[in-house]
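Below: start-v5.txt (compact mmCIF, C-alpha atoms and all ligand atoms)
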# COMPACT_ATOMS: atom_id res chain seq x y z
CA MET A 62 119.90 88.38 87.40
CA ALA A 63 119.99 90.40 90.62
CA LYS A 64 120.31 88.55 93.95
CA PRO A 65 116.91 88.04 95.66
CA ILE A 66 116.27 90.36 98.63
CA SER A 67 113.76 90.14 101.48
CA LEU A 68 110.46 91.88 100.73
CA GLU A 69 110.79 94.03 103.83
CA LYS A 70 114.18 95.33 102.62
CA ILE A 71 112.79 95.92 99.14
CA LEU A 72 109.90 98.02 100.47
CA PHE A 73 112.27 99.95 102.72
CA SER A 74 114.66 100.63 99.80
CA GLN A 75 111.78 102.05 97.74
CA GLY A 76 110.82 104.55 100.42
CA PHE A 77 107.75 102.94 101.99
CA GLY A 78 108.90 103.63 105.57
CA THR A 79 110.97 101.97 108.26
CA ARG A 80 111.64 98.23 108.00
CA ARG A 81 109.20 97.66 110.85
CA TYR A 82 106.51 99.71 109.08
CA CYS A 83 107.18 97.84 105.81
CA ALA A 84 106.79 94.48 107.58
CA ASP A 85 103.49 95.71 109.05
CA LEU A 86 102.27 96.70 105.56
CA VAL A 87 102.77 93.05 104.54
CA TYR A 88 101.07 91.67 107.68
CA ALA A 89 98.12 94.04 106.99
CA ASP A 90 97.69 92.45 103.52
CA LEU A 91 98.56 95.73 101.81
CA VAL A 92 101.38 94.46 99.57
CA LYS A 93 101.21 92.45 96.35
CA VAL A 94 104.25 91.09 94.55
CA ASN A 95 103.78 90.69 90.80
CA GLY A 96 100.03 90.58 91.37
CA VAL A 97 100.06 88.04 94.23
CA LEU A 98 99.24 89.00 97.81
CA ALA A 99 102.39 88.79 99.95
CA GLU A 100 102.30 87.05 103.33
CA ASP A 101 105.85 86.99 104.61
CA PRO A 102 108.02 90.15 104.87
CA GLU A 103 111.12 87.90 105.11
CA GLU A 104 110.42 86.17 101.80
CA ARG A 105 113.27 86.64 99.34
CA ILE A 106 112.15 88.15 96.06
CA ALA A 107 113.91 88.55 92.70
CA THR A 108 113.98 92.26 91.87
CA ASP A 109 114.25 91.98 88.07
CA ASP A 110 111.09 93.46 86.46
CA LEU A 111 109.46 93.45 89.88
CA LEU A 112 106.06 95.10 90.15
CA LEU A 113 104.85 95.85 93.65
CA ASN A 114 101.43 97.03 94.67
CA VAL A 115 101.36 98.89 97.96
CA GLU A 116 98.11 100.07 99.51
CA GLY A 117 96.37 99.62 96.17
CA LYS A 118 98.95 101.50 94.08
CA ASP A 119 101.30 99.89 91.56
CA TRP A 120 104.97 100.61 92.11
CA GLU A 121 107.80 99.53 89.80
CA TYR A 122 110.90 98.46 91.70
CA HIS A 123 113.94 100.55 90.74
CA GLU A 124 117.20 100.03 92.61
CA LYS A 125 118.05 103.68 91.90
CA ALA A 126 115.38 106.16 90.92
CA TYR A 127 115.78 108.35 87.84
CA ILE A 128 112.74 110.36 86.88
CA VAL A 129 111.81 113.16 84.51
CA PHE A 130 109.38 115.80 85.75
CA ASN A 131 107.66 118.58 83.83
CA LYS A 132 107.94 121.43 86.32
CA PRO A 133 105.03 123.84 86.57
CA PRO A 134 105.59 127.50 87.53
CA ASN A 135 105.38 128.66 91.15
CA TYR A 136 107.13 125.67 92.73
CA GLU A 137 110.58 125.72 94.33
CA CYS A 138 113.16 123.00 93.71
CA SER A 139 114.11 122.54 97.34
CA HIS A 140 112.88 120.48 100.27
CA LYS A 141 112.78 123.46 102.61
CA THR A 142 111.07 126.17 100.61
CA THR A 143 110.73 129.85 101.45
CA HIS A 144 107.84 131.38 99.47
CA HIS A 145 106.29 128.70 97.28
CA PRO A 146 105.40 125.03 97.62
CA SER A 147 108.04 122.43 96.83
CA VAL A 148 108.20 120.40 93.60
CA TYR A 149 108.57 117.37 95.91
CA SER A 150 104.98 117.92 97.09
CA LEU A 151 103.89 116.93 93.55
CA LEU A 152 105.70 113.57 93.69
CA PRO A 153 104.71 110.30 95.43
CA SER A 154 105.82 110.32 99.07
CA PRO A 155 108.20 107.29 98.72
CA PHE A 156 110.40 109.50 96.51
CA VAL A 157 110.79 112.03 99.29
CA GLU A 158 111.34 109.29 101.87
CA ARG A 159 114.16 107.76 99.83
CA GLY A 160 115.89 111.11 99.37
CA LEU A 161 115.42 112.05 95.73
CA GLN A 162 117.08 115.33 94.75
CA CYS A 163 116.71 117.64 91.76
CA VAL A 164 119.55 117.34 89.25
CA GLY A 165 120.27 121.08 89.19
CA ARG A 166 117.57 123.52 90.23
CA LEU A 167 115.20 125.66 88.22
CA ASP A 168 113.89 128.99 89.55
CA TYR A 169 110.38 128.94 91.03
CA ASP A 170 108.98 130.65 87.91
CA THR A 171 110.89 128.49 85.37
CA THR A 172 109.00 125.59 83.80
CA GLY A 173 110.01 122.41 82.04
CA LEU A 174 112.51 119.61 82.11
CA LEU A 175 113.74 118.58 85.53
CA LEU A 176 115.59 115.35 86.26
CA ILE A 177 115.29 113.96 89.76
CA SER A 178 117.27 111.05 91.23
CA ASP A 179 118.72 109.40 94.33
CA ASP A 180 121.93 108.40 92.54
CA GLY A 181 124.59 110.80 93.84
CA GLN A 182 127.11 109.91 91.13
CA PHE A 183 124.54 110.55 88.40
CA ILE A 184 123.57 113.90 89.93
CA HIS A 185 127.23 114.92 90.11
CA LYS A 186 127.97 113.83 86.53
CA MET A 187 124.95 115.68 85.17
CA THR A 188 125.62 118.93 87.01
CA THR A 189 129.39 119.44 86.91
CA PRO A 190 130.31 122.01 84.23
CA LYS A 191 133.37 119.87 83.41
CA LYS A 192 131.12 117.42 81.56
CA ASN A 193 129.90 120.11 79.15
CA ILE A 194 126.28 119.06 79.07
CA GLY A 195 124.18 121.55 77.13
CA LYS A 196 120.88 122.67 78.60
CA VAL A 197 118.43 124.24 76.17
CA TYR A 198 116.14 127.03 77.41
CA GLN A 199 113.24 128.61 75.53
CA ILE A 200 113.33 132.26 76.49
CA THR A 201 110.39 134.59 75.92
CA THR A 202 111.34 138.25 76.05
CA PRO A 203 109.30 141.47 76.20
CA ASN A 204 111.59 143.22 73.70
CA PRO A 205 112.50 141.88 70.26
CA ILE A 206 115.69 139.82 70.28
CA THR A 207 118.32 141.38 68.05
CA GLU A 208 121.23 139.86 66.14
CA LYS A 209 123.55 142.03 68.20
CA GLN A 210 122.19 140.51 71.41
CA ILE A 211 122.61 136.97 70.04
CA ASP A 212 126.15 137.77 68.94
CA HIS A 213 126.93 139.08 72.41
CA LEU A 214 125.48 135.95 74.09
CA LEU A 215 127.60 133.70 71.83
CA LYS A 216 130.78 135.75 72.35
CA GLY A 217 130.25 135.71 76.12
CA VAL A 218 128.94 138.10 78.75
CA VAL A 219 130.48 139.01 82.08
CA LEU A 220 128.10 138.74 85.03
CA ASP A 221 128.55 140.88 88.13
CA ASP A 222 129.77 138.11 90.49
CA ASP A 223 132.52 136.57 88.31
CA PRO A 224 134.98 138.15 85.86
CA LYS A 225 135.00 134.91 83.82
CA PRO A 226 132.51 135.38 80.97
CA CYS A 227 129.71 132.89 80.36
CA PHE A 228 128.66 131.90 76.89
CA ALA A 229 125.70 130.58 75.04
CA THR A 230 127.00 127.57 73.09
CA ALA A 231 124.10 127.87 70.63
CA CYS A 232 121.29 130.31 69.95
CA GLU A 233 118.34 129.77 67.67
CA GLN A 234 115.86 132.56 67.17
CA VAL A 235 112.44 130.91 67.15
CA SER A 236 110.45 134.11 66.66
CA GLU A 237 110.89 137.84 67.26
CA ASN A 238 110.51 137.36 71.03
CA ILE A 239 111.54 133.74 71.55
CA LEU A 240 115.10 132.48 71.69
CA ALA A 241 116.26 128.89 72.20
CA MET A 242 119.60 129.20 73.97
CA THR A 243 122.00 126.45 75.04
CA ILE A 244 124.31 126.87 78.02
CA VAL A 245 126.62 124.36 79.73
CA GLU A 246 127.11 125.96 83.13
CA GLY A 247 124.50 126.37 85.83
CA ARG A 248 125.27 129.63 87.55
CA TYR A 249 122.69 131.33 89.77
CA HIS A 250 119.86 132.80 87.61
CA GLN A 251 122.28 132.43 84.70
CA VAL A 252 119.88 132.81 81.77
CA LYS A 253 118.04 135.75 83.30
CA ARG A 254 121.29 137.52 84.11
CA MET A 255 122.76 136.84 80.66
CA MET A 256 119.66 138.30 79.00
CA ALA A 257 119.79 141.35 81.27
CA ALA A 258 123.50 141.79 80.45
CA VAL A 259 122.73 142.08 76.72
CA GLY A 260 119.94 144.60 77.36
CA ASN A 261 116.85 142.41 77.21
CA HIS A 262 114.75 140.66 79.87
CA VAL A 263 113.14 137.25 80.49
CA ASP A 264 109.34 137.10 80.66
CA GLN A 265 109.10 133.31 80.58
CA LEU A 266 111.74 130.63 80.87
CA HIS A 267 111.27 126.99 79.95
CA ARG A 268 113.89 124.22 79.86
CA SER A 269 113.24 121.87 76.97
CA GLN A 270 116.37 119.71 76.70
CA ILE A 271 119.35 118.39 78.66
CA GLY A 272 122.13 116.94 76.49
CA ALA A 273 120.42 114.86 73.81
CA TYR A 274 117.40 114.22 76.02
CA ARG A 275 114.27 116.23 75.18
CA MET A 276 111.21 116.67 77.34
CA PRO A 277 108.73 113.96 76.26
CA ALA A 278 106.02 115.71 74.23
CA ASP A 279 103.24 113.82 76.03
CA LEU A 280 104.40 114.59 79.58
CA ALA A 281 101.96 117.19 80.91
CA GLN A 282 102.98 119.95 83.31
CA GLY A 283 103.12 118.61 86.88
CA GLU A 284 103.57 114.99 85.72
CA TRP A 285 106.57 112.69 86.14
CA ARG A 286 107.71 109.40 84.70
CA TRP A 287 110.52 106.89 85.18
CA LEU A 288 113.61 107.13 83.01
CA TYR A 289 114.52 103.75 81.49
CA PRO A 290 117.90 102.46 80.27
CA ASP A 291 117.39 103.94 76.76
CA ASP A 292 116.71 107.42 78.23
CA LEU A 293 119.74 107.11 80.52
CA LYS A 294 121.87 106.01 77.56
CA GLN A 295 120.79 109.16 75.70
CA LEU A 296 121.77 111.24 78.72
CA SER A 297 125.13 109.52 79.23
CA GLN A 298 125.97 109.96 75.53
CA SER A 299 125.71 113.70 76.16
CA ILE A 300 128.50 113.63 78.71
CA ASP A 301 132.14 114.43 77.84
CA GLN A 302 133.97 111.33 79.19
N1 LIG B 401 118.72 130.25 84.38
C1 LIG B 401 117.85 131.03 85.08
O1 LIG B 401 117.99 132.24 85.10
N2 LIG B 401 116.86 130.43 85.73
C2 LIG B 401 116.64 129.08 85.71
O2 LIG B 401 115.68 128.59 86.32
C3 LIG B 401 117.53 128.30 84.97
C4 LIG B 401 118.57 128.91 84.30

Taking this structure as input, can you express it in the form of structure tokens?
Ligand code: URA
Amino acid sequence: MAKPISLEKILFSQGFGTRRYCADLVYADLVKVNGVLAEDPEERIATDDLLLNVEGKDWEYHEKAYIVFNKPPNYECSHKTTHHPSVYSLLPSPFVERGLQCVGRLDYDTTGLLLISDDGQFIHKMTTPKKNIGKVYQITTPNPITEKQIDHLLKGVVLDDDPKPCFATACEQVSENILAMTIVEGRYHQVKRMMAAVGNHVDQLHRSQIGAYRMPADLAQGEWRWLYPDDLKQLSQSIDQ
């Protein structure tokens, strides 16, 4: 069982504002702890299975946040965006306040599976190419995908900024114009550049899987959900130790 912590610290840790602001939320009768109205911001609370309600909204306590998000097109994966709104604008504000970061970025026009967390070690483990985590992309192309192109992707293509070739570790042709391709690195625009290098083009790009973890079928575009220990176990089993 985790050591009890003061309610004010708990609210602060979850991203509800400064400690002073969190104390004021309690004094303003805006915080419930496991369904009971809280009165004292200094009260020590057990964090196991803790359910908060802040300003009328339920909030599960998570010491570290790990979430899965189904990214829609036309959003950028950065806090300071240039041309499009940020994916963070689609998430509850406490996530931004507590510093969640995308676990590897997707291009603004790419859709699908995005992990987001405030655990630096987790982000590093999931993004370093040394850990060999496969990412599966569904690629829709304007021109039919040929066996020769698939062979080339599997044998490795050289991109213009690095003489070291990059490979698809698996390719499955889903239909004439759809390829499911797995890659382990995360170079800049890697899939689009690999497809261009073999003489095709990407019309639509969707990430469906990271390691053994697949996008939940019932998670609609623009929605997020918490990852629980079973999901994290699936992800950590994908990592080369
Ligand atoms: N490769 C790309 O080209 N774009 C992405 O968003 C992800 C991988």

Using all atoms listed in the file, which residues of chain A come within 10 Å of ligand LIG 401 (chain B), and what is the closest atom pair for each, with the distance in Å to one decimal? Give it as JSON lines, sorted by chain and residue number.
{"residue": "A:Glu137", "atom": "CA", "partner": "B:LIG401", "partner_atom": "O2", "distance": 9.9}
{"residue": "A:Cys138", "atom": "CA", "partner": "B:LIG401", "partner_atom": "O2", "distance": 9.6}
{"residue": "A:Gly165", "atom": "CA", "partner": "B:LIG401", "partner_atom": "C3", "distance": 8.8}
{"residue": "A:Arg166", "atom": "CA", "partner": "B:LIG401", "partner_atom": "O2", "distance": 6.7}
{"residue": "A:Leu167", "atom": "CA", "partner": "B:LIG401", "partner_atom": "O2", "distance": 3.5}
{"residue": "A:Asp168", "atom": "CA", "partner": "B:LIG401", "partner_atom": "O2", "distance": 3.7}
{"residue": "A:Tyr169", "atom": "CA", "partner": "B:LIG401", "partner_atom": "O2", "distance": 7.1}
{"residue": "A:Asp170", "atom": "CA", "partner": "B:LIG401", "partner_atom": "O2", "distance": 7.2}
{"residue": "A:Thr171", "atom": "CA", "partner": "B:LIG401", "partner_atom": "O2", "distance": 4.9}
{"residue": "A:Thr172", "atom": "CA", "partner": "B:LIG401", "partner_atom": "O2", "distance": 7.7}
{"residue": "A:Gly173", "atom": "CA", "partner": "B:LIG401", "partner_atom": "O2", "distance": 9.4}
{"residue": "A:Lys196", "atom": "CA", "partner": "B:LIG401", "partner_atom": "C4", "distance": 8.8}
{"residue": "A:Val197", "atom": "CA", "partner": "B:LIG401", "partner_atom": "C4", "distance": 9.4}
{"residue": "A:Tyr198", "atom": "CA", "partner": "B:LIG401", "partner_atom": "C4", "distance": 7.5}
{"residue": "A:Ile200", "atom": "CA", "partner": "B:LIG401", "partner_atom": "N1", "distance": 9.8}
{"residue": "A:Ile244", "atom": "CA", "partner": "B:LIG401", "partner_atom": "C4", "distance": 8.7}
{"residue": "A:Glu246", "atom": "CA", "partner": "B:LIG401", "partner_atom": "C4", "distance": 9.1}
{"residue": "A:Gly247", "atom": "CA", "partner": "B:LIG401", "partner_atom": "C4", "distance": 6.6}
{"residue": "A:Arg248", "atom": "CA", "partner": "B:LIG401", "partner_atom": "N1", "distance": 7.3}
{"residue": "A:Tyr249", "atom": "CA", "partner": "B:LIG401", "partner_atom": "O1", "distance": 6.7}
{"residue": "A:His250", "atom": "CA", "partner": "B:LIG401", "partner_atom": "O1", "distance": 3.2}
{"residue": "A:Gln251", "atom": "CA", "partner": "B:LIG401", "partner_atom": "N1", "distance": 4.2}
{"residue": "A:Val252", "atom": "CA", "partner": "B:LIG401", "partner_atom": "N1", "distance": 3.8}
{"residue": "A:Lys253", "atom": "CA", "partner": "B:LIG401", "partner_atom": "O1", "distance": 3.9}
{"residue": "A:Arg254", "atom": "CA", "partner": "B:LIG401", "partner_atom": "O1", "distance": 6.3}
{"residue": "A:Met255", "atom": "CA", "partner": "B:LIG401", "partner_atom": "O1", "distance": 8.0}
{"residue": "A:Met256", "atom": "CA", "partner": "B:LIG401", "partner_atom": "O1", "distance": 8.8}
{"residue": "A:Val263", "atom": "CA", "partner": "B:LIG401", "partner_atom": "O1", "distance": 8.4}
{"residue": "A:Gln265", "atom": "CA", "partner": "B:LIG401", "partner_atom": "N2", "distance": 9.7}
{"residue": "A:Leu266", "atom": "CA", "partner": "B:LIG401", "partner_atom": "O2", "distance": 7.0}
{"residue": "A:His267", "atom": "CA", "partner": "B:LIG401", "partner_atom": "O2", "distance": 7.9}
{"residue": "A:Arg268", "atom": "CA", "partner": "B:LIG401", "partner_atom": "C3", "distance": 7.5}

Can you write out the residues you just picked, keeping C-alpha atoms, as a PDB file, keeping the file's coordinate frame?
ATOM      1  CA  GLU A 137     110.580 125.720  94.330  1.00  0.00           C
ATOM      2  CA  CYS A 138     113.160 123.000  93.710  1.00  0.00           C
ATOM      3  CA  GLY A 165     120.270 121.080  89.190  1.00  0.00           C
ATOM      4  CA  ARG A 166     117.570 123.520  90.230  1.00  0.00           C
ATOM      5  CA  LEU A 167     115.200 125.660  88.220  1.00  0.00           C
ATOM      6  CA  ASP A 168     113.890 128.990  89.550  1.00  0.00           C
ATOM      7  CA  TYR A 169     110.380 128.940  91.030  1.00  0.00           C
ATOM      8  CA  ASP A 170     108.980 130.650  87.910  1.00  0.00           C
ATOM      9  CA  THR A 171     110.890 128.490  85.370  1.00  0.00           C
ATOM     10  CA  THR A 172     109.000 125.590  83.800  1.00  0.00           C
ATOM     11  CA  GLY A 173     110.010 122.410  82.040  1.00  0.00           C
ATOM     12  CA  LYS A 196     120.880 122.670  78.600  1.00  0.00           C
ATOM     13  CA  VAL A 197     118.430 124.240  76.170  1.00  0.00           C
ATOM     14  CA  TYR A 198     116.140 127.030  77.410  1.00  0.00           C
ATOM     15  CA  ILE A 200     113.330 132.260  76.490  1.00  0.00           C
ATOM     16  CA  ILE A 244     124.310 126.870  78.020  1.00  0.00           C
ATOM     17  CA  GLU A 246     127.110 125.960  83.130  1.00  0.00           C
ATOM     18  CA  GLY A 247     124.500 126.370  85.830  1.00  0.00           C
ATOM     19  CA  ARG A 248     125.270 129.630  87.550  1.00  0.00           C
ATOM     20  CA  TYR A 249     122.690 131.330  89.770  1.00  0.00           C
ATOM     21  CA  HIS A 250     119.860 132.800  87.610  1.00  0.00           C
ATOM     22  CA  GLN A 251     122.280 132.430  84.700  1.00  0.00           C
ATOM     23  CA  VAL A 252     119.880 132.810  81.770  1.00  0.00           C
ATOM     24  CA  LYS A 253     118.040 135.750  83.300  1.00  0.00           C
ATOM     25  CA  ARG A 254     121.290 137.520  84.110  1.00  0.00           C
ATOM     26  CA  MET A 255     122.760 136.840  80.660  1.00  0.00           C
ATOM     27  CA  MET A 256     119.660 138.300  79.000  1.00  0.00           C
ATOM     28  CA  VAL A 263     113.140 137.250  80.490  1.00  0.00           C
ATOM     29  CA  GLN A 265     109.100 133.310  80.580  1.00  0.00           C
ATOM     30  CA  LEU A 266     111.740 130.630  80.870  1.00  0.00           C
ATOM     31  CA  HIS A 267     111.270 126.990  79.950  1.00  0.00           C
ATOM     32  CA  ARG A 268     113.890 124.220  79.860  1.00  0.00           C
TER      33      ARG A 268
END

Option closest in space to Ala126 of chain A, from A:Val92, A:Val218, A:Ala241, A:Leu293 [counting all atoms listed in the file]: A:Leu293

Contacts of Leu296 of chain A within 10 Å, all atoms listed in the file, excl. fewer than 3 positions in-chain, as an mmCIF file with C-alpha atoms, in the frame of the given file:
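And here's result.cif as it stands now:
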data_model
loop_
_atom_site.group_PDB
_atom_site.id
_atom_site.type_symbol
_atom_site.label_atom_id
_atom_site.label_comp_id
_atom_site.auth_asym_id
_atom_site.auth_seq_id
_atom_site.Cartn_x
_atom_site.Cartn_y
_atom_site.Cartn_z
ATOM 1 C CA MET A 187 124.950 115.680 85.170
ATOM 2 C CA ILE A 194 126.280 119.060 79.070
ATOM 3 C CA ILE A 271 119.350 118.390 78.660
ATOM 4 C CA GLY A 272 122.130 116.940 76.490
ATOM 5 C CA ALA A 273 120.420 114.860 73.810
ATOM 6 C CA TYR A 274 117.400 114.220 76.020
ATOM 7 C CA ARG A 275 114.270 116.230 75.180
ATOM 8 C CA PRO A 290 117.900 102.460 80.270
ATOM 9 C CA ASP A 291 117.390 103.940 76.760
ATOM 10 C CA ASP A 292 116.710 107.420 78.230
ATOM 11 C CA LEU A 293 119.740 107.110 80.520
ATOM 12 C CA SER A 299 125.710 113.700 76.160
ATOM 13 C CA ILE A 300 128.500 113.630 78.710
#

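Among A:Val148, A:Val164, A:Leu215, A:Ile128, the residue with the shortest atom-to-atom distance to Thr188 of chain A, counting all atoms listed in the file, is A:Val164.
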
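Taking all atoms listed in the file, the non-local environment of Glu233 of chain A within 9 Å (same-chain residues fewer than 3 positions away omitted) comprises A:Ile211, A:Ile239, A:Leu240, A:Ala241, A:Met242, A:Thr243.
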
What's around Leu113 of chain A at 8 Å? Count only C-alpha atoms, leave out sequence neighbours fewer than 2 positions away in its own chain, and write the answer as a PyMOL selection string. chain A and resi 92-96+111+115+119-122

All residues 10 Å or closer to segment 257-261 of chain A, only C-alpha atoms, same chain fewer than 6 positions away omitted, as a PyMOL selection string: chain A and resi 202-207+209-214+217-221+251

Grab the atom CA of Pro134 of chain A to atom CA of Tyr149 of chain A distance for me, in Å with one decimal place. 13.5 Å

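The residue set within 8 Å of Val87 of chain A, counting only C-alpha atoms and dropping same-chain residues fewer than 6 places from it, reads Ala99, Glu100, Asp101 and Pro102 of chain A.
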
Taking all atoms of segment 220-224 of chain A that the file lists, what box with edges along x, y and z, padded by 4 Å per side, do you get, with centre and edge lengths in Å to one decimal, as JSON?
{"center_x": 131.5, "center_y": 138.7, "center_z": 87.8, "size_x": 14.9, "size_y": 12.3, "size_z": 13.5}
